[in-house]
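Coordinates as given in model24.txt (compact mmCIF, C-alpha atoms and all ligand atoms):
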# COMPACT_ATOMS: atom_id res chain seq x y z
CA MET I 1 -11.47 7.03 -18.56
CA ASN I 2 -10.36 10.19 -16.75
CA VAL I 3 -8.29 9.54 -13.64
CA LEU I 4 -7.56 12.09 -10.93
CA VAL I 5 -5.01 11.60 -8.15
CA ILE I 6 -5.57 13.74 -5.05
CA GLY I 7 -2.38 14.34 -3.05
CA GLY I 8 1.00 14.35 -4.77
CA GLY I 9 3.01 13.08 -1.78
CA ASN I 10 5.04 9.86 -1.55
CA MET I 11 2.23 7.48 -2.43
CA GLY I 12 0.17 9.77 -4.69
CA MET I 13 3.25 10.56 -6.78
CA THR I 14 4.22 6.87 -6.90
CA TYR I 15 0.79 5.93 -8.25
CA ALA I 16 0.64 8.92 -10.60
CA GLU I 17 4.04 8.12 -12.12
CA ALA I 18 3.23 4.40 -12.39
CA ILE I 19 -0.14 5.06 -14.05
CA ALA I 20 1.39 7.61 -16.42
CA ALA I 21 4.16 5.15 -17.39
CA SER I 22 1.70 2.26 -17.95
CA ASN I 23 -0.78 1.76 -20.76
CA PHE I 24 -3.68 2.15 -18.35
CA LEU I 25 -4.80 5.46 -19.84
CA THR I 26 -5.39 5.00 -23.53
CA ASP I 27 -6.04 8.68 -24.17
CA GLY I 28 -5.61 11.92 -22.27
CA ARG I 29 -3.32 12.62 -19.37
CA LEU I 30 -3.62 11.83 -15.73
CA MET I 31 -4.92 14.70 -13.58
CA ILE I 32 -3.31 15.40 -10.23
CA PHE I 33 -4.42 17.80 -7.52
CA ASP I 34 -2.46 19.05 -4.53
CA LYS I 35 -2.62 22.10 -2.28
CA SER I 36 1.00 22.65 -1.44
CA GLU I 37 2.74 25.25 -3.65
CA GLU I 38 6.03 23.40 -3.35
CA LYS I 39 4.44 20.10 -4.42
CA LEU I 40 2.59 21.79 -7.29
CA ALA I 41 5.86 23.24 -8.63
CA GLU I 42 7.50 19.81 -8.42
CA LEU I 43 4.55 18.19 -10.23
CA ARG I 44 4.57 20.82 -13.00
CA ASP I 45 8.33 20.34 -13.49
CA LYS I 46 7.79 16.66 -14.25
CA ASP I 47 5.50 17.55 -17.17
CA LEU I 48 3.82 14.13 -16.92
CA PHE I 49 0.39 15.12 -15.65
CA ASP I 50 -2.32 17.78 -15.86
CA VAL I 51 -1.60 19.54 -12.60
CA HIS I 52 -4.51 21.24 -10.78
CA ASP I 53 -4.56 23.53 -7.76
CA GLN I 54 -8.37 23.75 -7.64
CA LEU I 55 -10.74 20.81 -7.19
CA ALA I 56 -13.38 22.56 -9.31
CA THR I 57 -11.22 22.29 -12.44
CA CYS I 58 -10.53 18.55 -12.13
CA LEU I 59 -12.94 16.66 -9.84
CA PRO I 60 -16.08 17.09 -12.02
CA LYS I 61 -14.20 15.67 -15.05
CA ALA I 62 -12.91 12.55 -13.26
CA ASP I 63 -14.36 9.04 -13.63
CA VAL I 64 -11.93 7.53 -11.10
CA VAL I 65 -10.45 9.47 -8.19
CA LEU I 66 -7.50 8.08 -6.22
CA ILE I 67 -7.36 9.70 -2.77
CA ALA I 68 -3.79 9.72 -1.42
CA VAL I 69 -3.75 12.32 1.35
CA LYS I 70 -2.92 11.53 4.99
CA PRO I 71 -5.94 10.21 6.97
CA VAL I 72 -5.84 13.33 9.17
CA HIS I 73 -6.64 15.47 6.10
CA ALA I 74 -9.55 13.24 5.00
CA PRO I 75 -12.43 15.10 6.76
CA SER I 76 -11.57 18.55 5.38
CA LEU I 77 -10.78 17.18 1.90
CA MET I 78 -14.03 15.20 1.72
CA ALA I 79 -16.06 18.22 2.92
CA GLU I 80 -14.55 20.25 0.06
CA MET I 81 -15.15 17.48 -2.49
CA LYS I 82 -18.71 16.57 -1.49
CA PRO I 83 -20.63 19.33 -3.37
CA MET I 84 -18.77 18.44 -6.60
CA VAL I 85 -19.21 14.66 -6.45
CA SER I 86 -21.53 13.13 -9.02
CA ASP I 87 -23.25 9.76 -9.33
CA GLY I 88 -21.16 7.14 -11.06
CA GLN I 89 -17.79 8.51 -9.98
CA LEU I 90 -15.58 5.85 -8.42
CA PHE I 91 -13.31 6.65 -5.47
CA VAL I 92 -10.21 4.62 -4.60
CA SER I 93 -8.77 5.45 -1.20
CA ILE I 94 -5.36 4.36 0.02
CA MET I 95 -5.80 6.21 3.33
CA ALA I 96 -4.89 3.86 6.18
CA GLY I 97 -7.74 3.18 8.61
CA VAL I 98 -10.38 5.26 6.80
CA THR I 99 -13.34 2.94 6.24
CA ILE I 100 -15.52 2.62 3.18
CA GLN I 101 -18.54 3.77 5.19
CA THR I 102 -16.71 6.93 6.29
CA ILE I 103 -15.82 7.72 2.69
CA LYS I 104 -19.34 6.99 1.43
CA LYS I 105 -20.79 9.32 4.05
CA GLY I 106 -18.07 11.95 3.67
CA LEU I 107 -18.51 12.19 -0.11
CA ASN I 108 -22.13 11.12 -0.48
CA ALA I 109 -20.80 8.54 -2.95
CA SER I 110 -21.64 4.87 -3.41
CA LYS I 111 -18.73 3.46 -5.43
CA VAL I 112 -15.73 3.20 -3.12
CA VAL I 113 -12.64 0.99 -3.20
CA ARG I 114 -10.42 0.86 -0.12
CA ALA I 115 -6.87 -0.23 -0.85
CA MET I 116 -3.85 -0.88 1.36
CA PRO I 117 -0.58 -0.58 -0.56
CA ASN I 118 2.89 -1.03 0.85
CA LEU I 119 6.17 0.81 0.52
CA PRO I 120 7.79 -1.33 -2.25
CA ALA I 121 5.18 0.25 -4.56
CA LEU I 122 7.90 2.93 -4.83
CA VAL I 123 9.98 0.49 -6.91
CA GLY I 124 7.11 -1.27 -8.71
CA LEU I 125 7.13 -4.25 -6.32
CA GLY I 126 4.22 -3.22 -4.13
CA MET I 127 1.61 -5.55 -2.67
CA THR I 128 -1.80 -3.89 -2.52
CA SER I 129 -4.86 -5.48 -0.94
CA TYR I 130 -8.25 -3.99 -1.70
CA THR I 131 -11.97 -4.36 -1.16
CA ALA I 132 -14.94 -2.49 -2.56
CA SER I 133 -18.47 -1.36 -1.81
CA GLU I 134 -21.08 -3.56 -3.46
CA GLN I 135 -22.05 -0.79 -5.89
CA VAL I 136 -18.72 -1.20 -7.72
CA SER I 137 -19.34 -3.42 -10.76
CA ARG I 138 -17.20 -6.39 -11.82
CA LEU I 139 -16.08 -4.43 -14.88
CA GLU I 140 -15.03 -1.47 -12.72
CA LEU I 141 -13.19 -3.82 -10.34
CA ALA I 142 -11.23 -5.24 -13.25
CA ALA I 143 -10.18 -1.69 -14.24
CA ILE I 144 -9.22 -0.85 -10.64
CA GLU I 145 -7.12 -3.99 -10.40
CA ARG I 146 -5.22 -2.91 -13.53
CA LEU I 147 -4.73 0.54 -11.99
CA LEU I 148 -3.41 -0.88 -8.70
CA ASP I 149 -1.19 -3.37 -10.53
CA THR I 150 0.75 -0.48 -12.08
CA THR I 151 2.71 -0.39 -8.78
CA GLY I 152 3.17 -4.17 -8.38
CA ARG I 153 0.66 -6.90 -7.50
CA SER I 154 -2.79 -6.69 -5.95
CA MET I 155 -5.24 -8.95 -4.16
CA MET I 156 -9.00 -8.46 -3.88
CA LEU I 157 -10.31 -9.27 -0.39
CA PRO I 158 -13.90 -9.97 0.65
CA SER I 159 -14.15 -7.51 3.56
CA GLU I 160 -12.53 -4.62 5.37
CA SER I 161 -11.54 -6.84 8.30
CA LYS I 162 -9.34 -8.73 5.85
CA ILE I 163 -7.81 -5.37 4.82
CA ASP I 164 -6.86 -4.88 8.48
CA ALA I 165 -5.39 -8.39 8.55
CA SER I 166 -3.39 -7.78 5.37
CA THR I 167 -2.11 -4.56 6.96
CA GLY I 168 -0.46 -6.79 9.60
CA ILE I 169 1.19 -8.92 6.89
CA SER I 170 1.98 -6.94 3.72
CA GLY I 171 1.13 -3.34 4.70
CA SER I 172 3.45 -3.15 7.69
CA GLY I 173 5.47 -6.18 6.57
CA PRO I 174 8.35 -4.37 4.84
CA ALA I 175 9.31 -2.92 8.25
CA TYR I 176 9.55 -6.44 9.74
CA ILE I 177 11.95 -7.40 6.97
CA PHE I 178 14.00 -4.25 7.63
CA TYR I 179 14.01 -5.17 11.34
CA PHE I 180 15.46 -8.59 10.52
CA MET I 181 17.98 -7.00 8.13
CA GLN I 182 19.07 -4.51 10.79
CA ALA I 183 19.57 -7.32 13.33
CA LEU I 184 21.73 -9.28 10.86
CA MET I 185 23.70 -6.14 9.97
CA ASP I 186 24.26 -5.44 13.68
CA ALA I 187 25.55 -9.02 14.12
CA ALA I 188 27.84 -8.65 11.07
CA THR I 189 29.22 -5.37 12.41
CA LYS I 190 29.91 -7.01 15.79
CA MET I 191 31.75 -9.78 13.94
CA GLY I 192 34.04 -7.10 12.50
CA PHE I 193 32.61 -6.31 9.07
CA VAL I 194 32.60 -2.68 7.95
CA GLU I 195 29.09 -1.32 7.31
CA ALA I 196 29.30 -1.48 3.51
CA ASP I 197 30.30 -5.15 3.63
CA ALA I 198 27.62 -5.94 6.24
CA ARG I 199 25.07 -4.27 3.95
CA LEU I 200 26.13 -6.33 0.92
CA LEU I 201 26.21 -9.61 2.87
CA VAL I 202 22.70 -9.00 4.18
CA SER I 203 21.04 -7.50 1.09
CA GLN I 204 22.34 -10.15 -1.31
CA THR I 205 21.32 -12.89 1.13
CA PHE I 206 17.77 -11.52 1.28
CA ALA I 207 17.55 -11.02 -2.49
CA GLY I 208 18.87 -14.53 -3.15
CA ALA I 209 16.55 -16.19 -0.63
CA VAL I 210 13.49 -14.40 -2.07
CA GLU I 211 14.50 -15.34 -5.63
CA LEU I 212 14.90 -18.99 -4.57
CA PHE I 213 11.56 -18.94 -2.80
CA ASN I 214 9.85 -17.54 -5.90
CA SER I 215 11.53 -20.08 -8.18
CA SER I 216 9.52 -23.06 -6.91
CA ALA I 217 6.46 -24.05 -4.91
CA LEU I 218 8.58 -25.13 -1.92
CA SER I 219 7.56 -23.67 1.45
CA PRO I 220 9.97 -21.68 3.65
CA GLU I 221 10.16 -24.76 5.90
CA ASP I 222 11.17 -26.92 2.91
CA TRP I 223 13.94 -24.43 2.07
CA MET I 224 15.12 -24.35 5.70
CA ALA I 225 15.39 -28.14 5.64
CA LYS I 226 17.49 -27.92 2.45
CA VAL I 227 19.89 -25.37 3.96
CA ALA I 228 20.24 -26.87 7.44
CA SER I 229 22.03 -30.15 7.97
CA LYS I 230 22.13 -31.95 11.32
CA GLY I 231 24.96 -30.65 13.51
CA GLY I 232 25.72 -27.82 11.06
CA THR I 233 25.91 -24.04 11.38
CA THR I 234 22.44 -23.22 10.01
CA ARG I 235 20.84 -25.82 12.31
CA ALA I 236 22.59 -24.14 15.26
CA ALA I 237 21.05 -20.78 14.28
CA LEU I 238 17.56 -22.19 13.63
CA ASP I 239 17.63 -24.13 16.94
CA SER I 240 18.61 -20.90 18.72
CA MET I 241 15.64 -19.10 17.10
CA ASP I 242 13.27 -21.95 18.04
CA ASP I 243 14.57 -22.00 21.63
CA ASN I 244 13.81 -18.27 21.82
CA ASN I 245 10.31 -18.59 20.29
CA VAL I 246 11.17 -16.22 17.45
CA ASN I 247 8.41 -17.62 15.19
CA ALA I 248 5.74 -16.96 17.83
CA LEU I 249 7.13 -13.48 18.50
CA ILE I 250 7.00 -12.54 14.81
CA GLN I 251 3.41 -13.78 14.62
CA GLU I 252 2.57 -11.73 17.71
CA ALA I 253 4.06 -8.64 16.04
CA ALA I 254 1.89 -9.17 12.94
CA TYR I 255 -1.18 -9.51 15.18
CA ALA I 256 -0.22 -6.28 16.99
CA ALA I 257 -0.33 -4.44 13.64
CA PHE I 258 -3.65 -6.15 12.77
CA ARG I 259 -5.21 -5.09 16.09
CA ARG I 260 -3.92 -1.52 15.66
CA ALA I 261 -5.41 -1.35 12.14
CA GLU I 262 -8.77 -2.47 13.59
CA GLU I 263 -8.56 0.22 16.32
CA LEU I 264 -7.74 2.96 13.79
CA GLY I 265 -10.68 1.85 11.62
CA LYS I 266 -13.06 1.97 14.61
CA GLN I 267 -11.92 5.52 15.36
CA THR I 268 -13.39 6.57 12.00
CA GLU I 269 -16.70 4.99 13.11
CA GLY I 270 -17.00 2.87 9.98
CA GLU I 271 -19.21 -0.12 9.69
CA GLU I 272 -17.99 -3.11 7.73
CA VAL I 273 -18.92 -3.32 4.05
CA SER I 274 -18.35 -6.49 2.08
CA HIS I 275 -17.92 -7.29 -1.55
CA ALA I 276 -17.85 -11.00 -2.27
N1 LIG I 301 3.65 5.53 2.79
C1 LIG I 301 3.21 4.27 2.86
O1 LIG I 301 3.95 3.27 2.89
C2 LIG I 301 1.72 4.00 2.87
C3 LIG I 301 1.27 2.68 2.90
C4 LIG I 301 -0.11 2.46 2.92
C5 LIG I 301 -0.98 3.54 2.89
N2 LIG I 301 -0.49 4.81 2.87
C6 LIG I 301 -1.44 5.93 2.85
O2 LIG I 301 -1.15 6.77 1.77
C7 LIG I 301 -1.62 8.08 2.08
C8 LIG I 301 -0.58 9.09 1.63
O3 LIG I 301 0.62 8.90 2.38
P1 LIG I 301 1.93 9.67 1.95
O4 LIG I 301 3.03 9.10 2.74
O5 LIG I 301 2.02 9.70 0.46
O6 LIG I 301 1.56 11.16 2.49
P2 LIG I 301 2.21 12.55 2.07
O7 LIG I 301 3.57 12.36 1.51
O8 LIG I 301 1.99 13.49 3.21
O9 LIG I 301 1.30 13.02 0.84
C9 LIG I 301 0.03 13.60 0.97
C10 LIG I 301 -0.04 14.80 0.03
O10 LIG I 301 -1.39 15.30 0.01
C11 LIG I 301 -1.36 16.71 0.18
N3 LIG I 301 -2.62 17.16 0.75
C12 LIG I 301 -2.97 17.27 2.06
N4 LIG I 301 -4.25 17.73 2.15
C13 LIG I 301 -4.70 17.91 0.90
C14 LIG I 301 -5.92 18.36 0.35
N5 LIG I 301 -6.95 18.70 1.12
N6 LIG I 301 -6.04 18.41 -0.99
C15 LIG I 301 -5.01 18.04 -1.79
N7 LIG I 301 -3.81 17.61 -1.35
C16 LIG I 301 -3.66 17.54 0.00
C17 LIG I 301 -0.18 16.93 1.09
O11 LIG I 301 0.23 18.27 1.09
P3 LIG I 301 0.94 18.85 2.44
O12 LIG I 301 2.29 18.20 2.47
O13 LIG I 301 0.97 20.33 2.19
O14 LIG I 301 0.07 18.45 3.58
C18 LIG I 301 0.85 15.98 0.47
O15 LIG I 301 1.48 16.54 -0.66
C19 LIG I 301 -1.91 8.11 3.58
O16 LIG I 301 -3.30 8.18 3.79
C20 LIG I 301 -1.36 6.81 4.09
O17 LIG I 301 -2.18 6.28 5.13
C21 LIG I 301 0.85 5.06 2.85

Show me, as structure tokens, the structure contained in the file I just sent.
Amino acid sequence: MNVLVIGGGNMGMTYAEAIAASNFLTDGRLMIFDKSEEKLAELRDKDLFDVHDQLATCLPKADVVLIAVKPVHAPSLMAEMKPMVSDGQLFVSIMAGVTIQTIKKGLNASKVVRAMPNLPALVGLGMTSYTASEQVSRLELAAIERLLDTTGRSMMLPSESKIDASTGISGSGPAYIFYFMQALMDAATKMGFVEADARLLVSQTFAGAVELFNSSALSPEDWMAKVASKGGTTRAALDSMDDNNVNALIQEAAYAAFRRAEELGKQTEGEEVSHA
């Protein structure tokens, strides 16, 4: 299978490096295409990929094409790609808010996977949700799942509306965690800790809590009950959060991201495509 990555930016490079380091490609090298001279020089320096500065030299040879440019560049890129696209080629887009229908029309292609990764893909702990047009076969979906899993874990979803919902949870989610971390670091600093100590207190607490959570089937509520005893310090903090409706506010934030993802999708005039 020949794989081409279009766009060697943050995400494209992350996927390209992860695919190159995995056993996904059994023969041949990954192809990567970018337009920026600076990016091309950086890609050539790595000596990990077949670097291309012309679509004509790489797109016709590709079986799977991962599109990782910014959504704003999608229309011009797809217009350039369209005359070179052939039947049977499979396109995986990670462009936020660009619908399957827009990509099908833009490329005159039928096999399209739309994926929503998140930032921890940079360290191999990404969570990617994806859905596909019905022309993508089960066998192809299995291969795409292996490709996406090179940057962490993935989850197949039945429709694009679920991609928008997952954007509100895992796509934008890392920023909510950073928000919580910043608030705790601010509190630690106010309590007199120097920044480096505040950072360690917070980061190790997060890492430890996540490790505990992953070590059993207990729910977050179960773990809270284990940590908090009546009249104790943790109970005082949790009661304060409950009194201030923090749970409802976090849920509202996730819904705000979900609604924004839906709006962005509508702007590309896509119609929903499902794949059970
Ligand atoms: N970062 C995230 O956490 C995240 C999460 C989910 C989804 N995404 C999606 O991932 C995509 C990529 O994001 P990113 O942060 O990696 O963007 P980025 O760093 O800007 O990378 C995009 C790369 O594509 C190049 N490019 C632009 N137009 C091109 C064209 N026509 N042909 C070939 N290359 C072209 C850009 O070159 P120039 O710099 O010269 O324009 C740049 O090197 C976006 O669509 C975004 O919605 C990102």

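Near Leu66 of chain I, within 10 Å and counting only C-alpha atoms, sit Val3, Leu4, Val5, Ile6, Gly7, Gly12, Tyr15, Ala16, Ile32, Ala62, Leu90, Phe91, Val92, Ser93, Ile94, Met95, Val113, Arg114, Ala115 and Leu147 of chain I, not including residues fewer than 4 positions from it in the same chain.
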
For the residues in that selection, give me C-alpha atoms as an mmCIF file, in the coordinates of the input.
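As a result, part.cif now contains:
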data_model
loop_
_atom_site.group_PDB
_atom_site.id
_atom_site.type_symbol
_atom_site.label_atom_id
_atom_site.label_comp_id
_atom_site.auth_asym_id
_atom_site.auth_seq_id
_atom_site.Cartn_x
_atom_site.Cartn_y
_atom_site.Cartn_z
ATOM 1 C CA VAL I 3 -8.290 9.540 -13.640
ATOM 2 C CA LEU I 4 -7.560 12.090 -10.930
ATOM 3 C CA VAL I 5 -5.010 11.600 -8.150
ATOM 4 C CA ILE I 6 -5.570 13.740 -5.050
ATOM 5 C CA GLY I 7 -2.380 14.340 -3.050
ATOM 6 C CA GLY I 12 0.170 9.770 -4.690
ATOM 7 C CA TYR I 15 0.790 5.930 -8.250
ATOM 8 C CA ALA I 16 0.640 8.920 -10.600
ATOM 9 C CA ILE I 32 -3.310 15.400 -10.230
ATOM 10 C CA ALA I 62 -12.910 12.550 -13.260
ATOM 11 C CA LEU I 90 -15.580 5.850 -8.420
ATOM 12 C CA PHE I 91 -13.310 6.650 -5.470
ATOM 13 C CA VAL I 92 -10.210 4.620 -4.600
ATOM 14 C CA SER I 93 -8.770 5.450 -1.200
ATOM 15 C CA ILE I 94 -5.360 4.360 0.020
ATOM 16 C CA MET I 95 -5.800 6.210 3.330
ATOM 17 C CA VAL I 113 -12.640 0.990 -3.200
ATOM 18 C CA ARG I 114 -10.420 0.860 -0.120
ATOM 19 C CA ALA I 115 -6.870 -0.230 -0.850
ATOM 20 C CA LEU I 147 -4.730 0.540 -11.990
#

* To do: List all protein, DNA and RNA residues that have at least one atom no more than 8 Å from any atom of ligand LIG 301 (chain I), counting all atoms listed in the file, and write them as JSON, numbers by chain.
  => {"I": [6, 7, 8, 9, 10, 11, 12, 13, 33, 34, 35, 36, 37, 39, 67, 68, 69, 70, 71, 72, 73, 74, 76, 77, 78, 80, 93, 94, 95, 96, 97, 115, 116, 117, 118, 119, 120, 171, 172]}

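Among I:Gln182, I:Asn247, I:Asn214, I:Gln135, the residue with the shortest atom-to-atom distance to Val202 of chain I, counting only C-alpha atoms, is I:Gln182.
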
* Structure fact -> Nearest to Leu148 of chain I, restricted to only C-alpha atoms and choosing among I:Leu43, I:Gly126, I:Met81, I:Asp63, comes out as I:Gly126

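Contact shell of Val112 of chain I at 10 Å (all atoms listed in the file; same-chain neighbours under 6 positions omitted): Val64, Val65, Gln89, Leu90, Phe91, Val92, Ser93, Thr99, Ile100, Gln101, Ile103, Lys104, Thr131, Ala132, Ser133, Glu134, Gln135 and Val136 of chain I.
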
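Atom CA of Ala188 of chain I to atom CA of Ala228 of chain I spans 20.1 Å [interatomic distance, one decimal].
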
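With atom CA of Ala207 of chain I on one side and atom CA of Leu238 of chain I on the other, the separation reads 19.6 Å.
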
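Across I:Leu141, I:Ala20, I:Leu201, I:Val210, the tightest approach to Ser154 of chain I is made by I:Leu141 when counting only C-alpha atoms.
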
Missing atoms in segment 79-91 of chain I: can you complete it with N, CA, C and O atoms, as a CSV table (one decimal), keeping the file's coordinate frame?
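Listing of selection-v2.csv after writing:
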chain,number,residue,atom,x,y,z
I,79,ALA,N,-15.1,17.1,2.8
I,79,ALA,CA,-16.1,18.2,2.9
I,79,ALA,C,-16.0,19.1,1.7
I,79,ALA,O,-17.0,19.6,1.2
I,80,GLU,N,-14.7,19.4,1.2
I,80,GLU,CA,-14.6,20.2,0.1
I,80,GLU,C,-15.0,19.5,-1.2
I,80,GLU,O,-15.6,20.2,-2.1
I,81,MET,N,-14.8,18.2,-1.3
I,81,MET,CA,-15.2,17.5,-2.5
I,81,MET,C,-16.7,17.3,-2.6
I,81,MET,O,-17.2,17.3,-3.7
I,82,LYS,N,-17.3,17.1,-1.5
I,82,LYS,CA,-18.7,16.6,-1.5
I,82,LYS,C,-19.7,17.3,-2.5
I,82,LYS,O,-20.4,16.7,-3.2
I,83,PRO,N,-19.7,18.7,-2.5
I,83,PRO,CA,-20.6,19.3,-3.4
I,83,PRO,C,-20.4,19.1,-4.9
I,83,PRO,O,-21.2,19.3,-5.7
I,84,MET,N,-19.1,18.6,-5.2
I,84,MET,CA,-18.8,18.4,-6.6
I,84,MET,C,-18.9,17.0,-7.1
I,84,MET,O,-18.6,16.7,-8.2
I,85,VAL,N,-19.2,16.1,-6.1
I,85,VAL,CA,-19.2,14.7,-6.4
I,85,VAL,C,-20.5,14.3,-7.2
I,85,VAL,O,-21.6,14.8,-6.9
I,86,SER,N,-20.3,13.5,-8.3
I,86,SER,CA,-21.5,13.1,-9.0
I,86,SER,C,-21.7,11.6,-9.0
I,86,SER,O,-20.7,10.9,-8.8
I,87,ASP,N,-22.9,11.2,-9.3
I,87,ASP,CA,-23.2,9.8,-9.3
I,87,ASP,C,-22.4,9.1,-10.4
I,87,ASP,O,-22.1,9.6,-11.4
I,88,GLY,N,-21.9,7.9,-10.1
I,88,GLY,CA,-21.2,7.1,-11.1
I,88,GLY,C,-19.7,7.3,-10.9
I,88,GLY,O,-18.9,6.5,-11.4
I,89,GLN,N,-19.2,8.4,-10.2
I,89,GLN,CA,-17.8,8.5,-10.0
I,89,GLN,C,-17.3,7.4,-9.0
I,89,GLN,O,-18.0,7.1,-8.1
I,90,LEU,N,-16.1,6.9,-9.3
I,90,LEU,CA,-15.6,5.8,-8.4
I,90,LEU,C,-14.4,6.4,-7.6
I,90,LEU,O,-13.5,7.0,-8.2
I,91,PHE,N,-14.4,6.1,-6.3
I,91,PHE,CA,-13.3,6.6,-5.5
I,91,PHE,C,-12.5,5.5,-4.9
I,91,PHE,O,-13.0,4.5,-4.4
